[in-house]
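Encoded as structure tokens, the structure appears first; notes follow it.
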Amino acid sequence: MAATGTKCAWVGPAWGKVGGMYQKNDARTQLMSQFLASNVAPCTYIDSLSFSKPGQWITTDGQHFTVAGYKSWGTAIGDALGKLPVTSVSAAGAKQ
């Protein structure tokens, strides 16, 4: 991506419910978010953890949101993308 000038955004994990069939927990979710934030360059990292509080969006299994949760997460992602500088999301000037 860096070689071609392709612009990208990487959306990090959101909070889930502690336990469940995937054994998701807040500490591991934070660790994964921090890891991705440091390793997805040249993509712009979008931190989903800033969109809600742990447990705020209901899940069906600890990992996957209900329809309402996905609507909230999707809206938050759209809002975050809309706030990015044009240079972060525009392919203008990218190598062809």
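Labeling convention for the structure tokens: chains A, B, ... as they appear, residues from 1 per chain, ligands from 1 in order of appearance.
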Within 8 Å of stretch 69-84 of chain A: each stretch 6-58 of chain A residue with its shortest pair, only C-alpha atoms, as CSV:
residue,atom,partner,partner_atom,distance
A:Val11,CA,A:Ile77,CA,7.6
A:Ile46,CA,A:Ala80,CA,7.2
A:Ser48,CA,A:Ile77,CA,7.6
A:Phe51,CA,A:Ala76,CA,6.3
A:Trp57,CA,A:Gly69,CA,5.1
A:Ile58,CA,A:Gly69,CA,6.1
Residue set, chain A restricted to strand (DSSP E), as a ChimeraX atom specification = /A:9-11,44-46
Pick from A:Ala14, A:Thr4, A:Thr29, A:Met21, whichever lies nearest to A:Gly62 using only C-alpha atoms = A:Met21
Å distance separating atom CA of A:Ser33 from atom CA of A:Lys53, one decimal place | 14.3 Å
Out of chain A, which residues get alpha helix (DSSP H) from DSSP, as a PyMOL selection string?
-> chain A and resi 26-39+67-83+86-89
Serialized selection, N, CA and C atoms, as an mmCIF file, in the first residue's frame:
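Dumped to out.cif:
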data_model
loop_
_atom_site.group_PDB
_atom_site.id
_atom_site.type_symbol
_atom_site.label_atom_id
_atom_site.label_comp_id
_atom_site.auth_asym_id
_atom_site.auth_seq_id
_atom_site.Cartn_x
_atom_site.Cartn_y
_atom_site.Cartn_z
ATOM 1 N N ASP A 26 -11.771 -7.573 28.458
ATOM 2 C CA ASP A 26 -11.395 -6.182 28.226
ATOM 3 C C ASP A 26 -9.888 -6.004 28.059
ATOM 4 N N ALA A 27 -9.093 -6.695 28.874
ATOM 5 C CA ALA A 27 -7.638 -6.547 28.794
ATOM 6 C C ALA A 27 -7.105 -7.017 27.440
ATOM 7 N N ARG A 28 -7.586 -8.156 26.955
ATOM 8 C CA ARG A 28 -7.132 -8.661 25.647
ATOM 9 C C ARG A 28 -7.612 -7.762 24.515
ATOM 10 N N THR A 29 -8.800 -7.216 24.659
ATOM 11 C CA THR A 29 -9.316 -6.308 23.637
ATOM 12 C C THR A 29 -8.450 -5.051 23.571
ATOM 13 N N GLN A 30 -8.092 -4.499 24.722
ATOM 14 C CA GLN A 30 -7.217 -3.327 24.754
ATOM 15 C C GLN A 30 -5.838 -3.651 24.181
ATOM 16 N N LEU A 31 -5.306 -4.809 24.530
ATOM 17 C CA LEU A 31 -3.994 -5.224 24.029
ATOM 18 C C LEU A 31 -4.007 -5.340 22.507
ATOM 19 N N MET A 32 -5.036 -5.952 21.963
ATOM 20 C CA MET A 32 -5.132 -6.093 20.507
ATOM 21 C C MET A 32 -5.282 -4.726 19.844
ATOM 22 N N SER A 33 -6.067 -3.845 20.434
ATOM 23 C CA SER A 33 -6.241 -2.508 19.883
ATOM 24 C C SER A 33 -4.911 -1.758 19.863
ATOM 25 N N GLN A 34 -4.159 -1.837 20.948
ATOM 26 C CA GLN A 34 -2.856 -1.176 21.016
ATOM 27 C C GLN A 34 -1.883 -1.768 20.000
ATOM 28 N N PHE A 35 -1.889 -3.086 19.859
ATOM 29 C CA PHE A 35 -1.020 -3.744 18.885
ATOM 30 C C PHE A 35 -1.341 -3.261 17.471
ATOM 31 N N LEU A 36 -2.624 -3.271 17.122
ATOM 32 C CA LEU A 36 -3.017 -2.848 15.779
ATOM 33 C C LEU A 36 -2.683 -1.378 15.536
ATOM 34 N N ALA A 37 -2.921 -0.538 16.526
ATOM 35 C CA ALA A 37 -2.631 0.892 16.378
ATOM 36 C C ALA A 37 -1.164 1.125 16.030
ATOM 37 N N SER A 38 -0.297 0.262 16.530
ATOM 38 C CA SER A 38 1.141 0.396 16.290
ATOM 39 C C SER A 38 1.617 -0.319 15.040
ATOM 40 N N ASN A 39 0.759 -1.131 14.417
ATOM 41 C CA ASN A 39 1.241 -1.992 13.342
ATOM 42 C C ASN A 39 0.484 -1.926 12.023
ATOM 43 N N VAL A 67 -28.182 -6.585 16.287
ATOM 44 C CA VAL A 67 -28.425 -5.643 15.190
ATOM 45 C C VAL A 67 -28.244 -4.206 15.679
ATOM 46 N N ALA A 68 -28.774 -3.899 16.846
ATOM 47 C CA ALA A 68 -28.647 -2.541 17.389
ATOM 48 C C ALA A 68 -27.185 -2.187 17.638
ATOM 49 N N GLY A 69 -26.418 -3.142 18.134
ATOM 50 C CA GLY A 69 -24.993 -2.908 18.368
ATOM 51 C C GLY A 69 -24.241 -2.633 17.085
ATOM 52 N N TYR A 70 -24.538 -3.425 16.050
ATOM 53 C CA TYR A 70 -23.878 -3.199 14.756
ATOM 54 C C TYR A 70 -24.278 -1.855 14.155
ATOM 55 N N LYS A 71 -25.520 -1.445 14.354
ATOM 56 C CA LYS A 71 -25.940 -0.126 13.859
ATOM 57 C C LYS A 71 -25.157 0.975 14.568
ATOM 58 N N SER A 72 -25.005 0.853 15.876
ATOM 59 C CA SER A 72 -24.256 1.853 16.641
ATOM 60 C C SER A 72 -22.789 1.873 16.228
ATOM 61 N N TRP A 73 -22.196 0.694 16.088
ATOM 62 C CA TRP A 73 -20.787 0.600 15.703
ATOM 63 C C TRP A 73 -20.586 1.160 14.290
ATOM 64 N N GLY A 74 -21.457 0.779 13.368
ATOM 65 C CA GLY A 74 -21.359 1.272 11.995
ATOM 66 C C GLY A 74 -21.482 2.787 11.912
ATOM 67 N N THR A 75 -22.405 3.340 12.676
ATOM 68 C CA THR A 75 -22.573 4.793 12.704
ATOM 69 C C THR A 75 -21.316 5.464 13.248
ATOM 70 N N ALA A 76 -20.755 4.897 14.313
ATOM 71 C CA ALA A 76 -19.540 5.460 14.910
ATOM 72 C C ALA A 76 -18.361 5.381 13.939
ATOM 73 N N ILE A 77 -18.253 4.286 13.202
ATOM 74 C CA ILE A 77 -17.186 4.147 12.203
ATOM 75 C C ILE A 77 -17.365 5.204 11.113
ATOM 76 N N GLY A 78 -18.583 5.359 10.627
ATOM 77 C CA GLY A 78 -18.857 6.375 9.607
ATOM 78 C C GLY A 78 -18.515 7.772 10.087
ATOM 79 N N ASP A 79 -18.873 8.075 11.328
ATOM 80 C CA ASP A 79 -18.553 9.385 11.901
ATOM 81 C C ASP A 79 -17.042 9.585 11.978
ATOM 82 N N ALA A 80 -16.320 8.546 12.407
ATOM 83 C CA ALA A 80 -14.859 8.638 12.519
ATOM 84 C C ALA A 80 -14.218 8.836 11.149
ATOM 85 N N LEU A 81 -14.701 8.113 10.152
ATOM 86 C CA LEU A 81 -14.175 8.282 8.792
ATOM 87 C C LEU A 81 -14.437 9.695 8.283
ATOM 88 N N GLY A 82 -15.614 10.215 8.593
ATOM 89 C CA GLY A 82 -15.969 11.557 8.156
ATOM 90 C C GLY A 82 -15.120 12.647 8.778
ATOM 91 N N LYS A 83 -14.511 12.371 9.919
ATOM 92 C CA LYS A 83 -13.679 13.360 10.612
ATOM 93 C C LYS A 83 -12.209 13.295 10.203
ATOM 94 N N VAL A 86 -8.878 14.888 4.640
ATOM 95 C CA VAL A 86 -9.043 14.404 3.271
ATOM 96 C C VAL A 86 -7.799 13.652 2.811
ATOM 97 N N THR A 87 -6.635 14.095 3.225
ATOM 98 C CA THR A 87 -5.396 13.438 2.796
ATOM 99 C C THR A 87 -5.271 12.018 3.334
ATOM 100 N N SER A 88 -6.021 11.688 4.376
ATOM 101 C CA SER A 88 -5.985 10.330 4.933
ATOM 102 C C SER A 88 -6.840 9.352 4.149
ATOM 103 N N VAL A 89 -7.826 9.877 3.429
ATOM 104 C CA VAL A 89 -8.759 8.987 2.739
ATOM 105 C C VAL A 89 -8.822 9.197 1.234
#
Do you have the atom CA of A:Cys43-atom CA of A:Gly55 distance handy?
->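 Pair atom CA of A:Cys43 / atom CA of A:Gly55 returns 27.6 Å.
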For A:Leu49, which residue out of A:Lys7, A:Trp15, A:Asn25, A:Asp61 is the nearest one, using only C-alpha atoms?
->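 Checking each of A:Lys7, A:Trp15, A:Asn25, A:Asp61 against A:Leu49, counting only C-alpha atoms, the winner is A:Trp15.
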Find the residues around A:Thr60 up to 9 Å (only C-alpha atoms counted), leave out those fewer than 3 positions away in its own chain, and share them as a ChimeraX atom specification.
-> /A:17,20,63-66
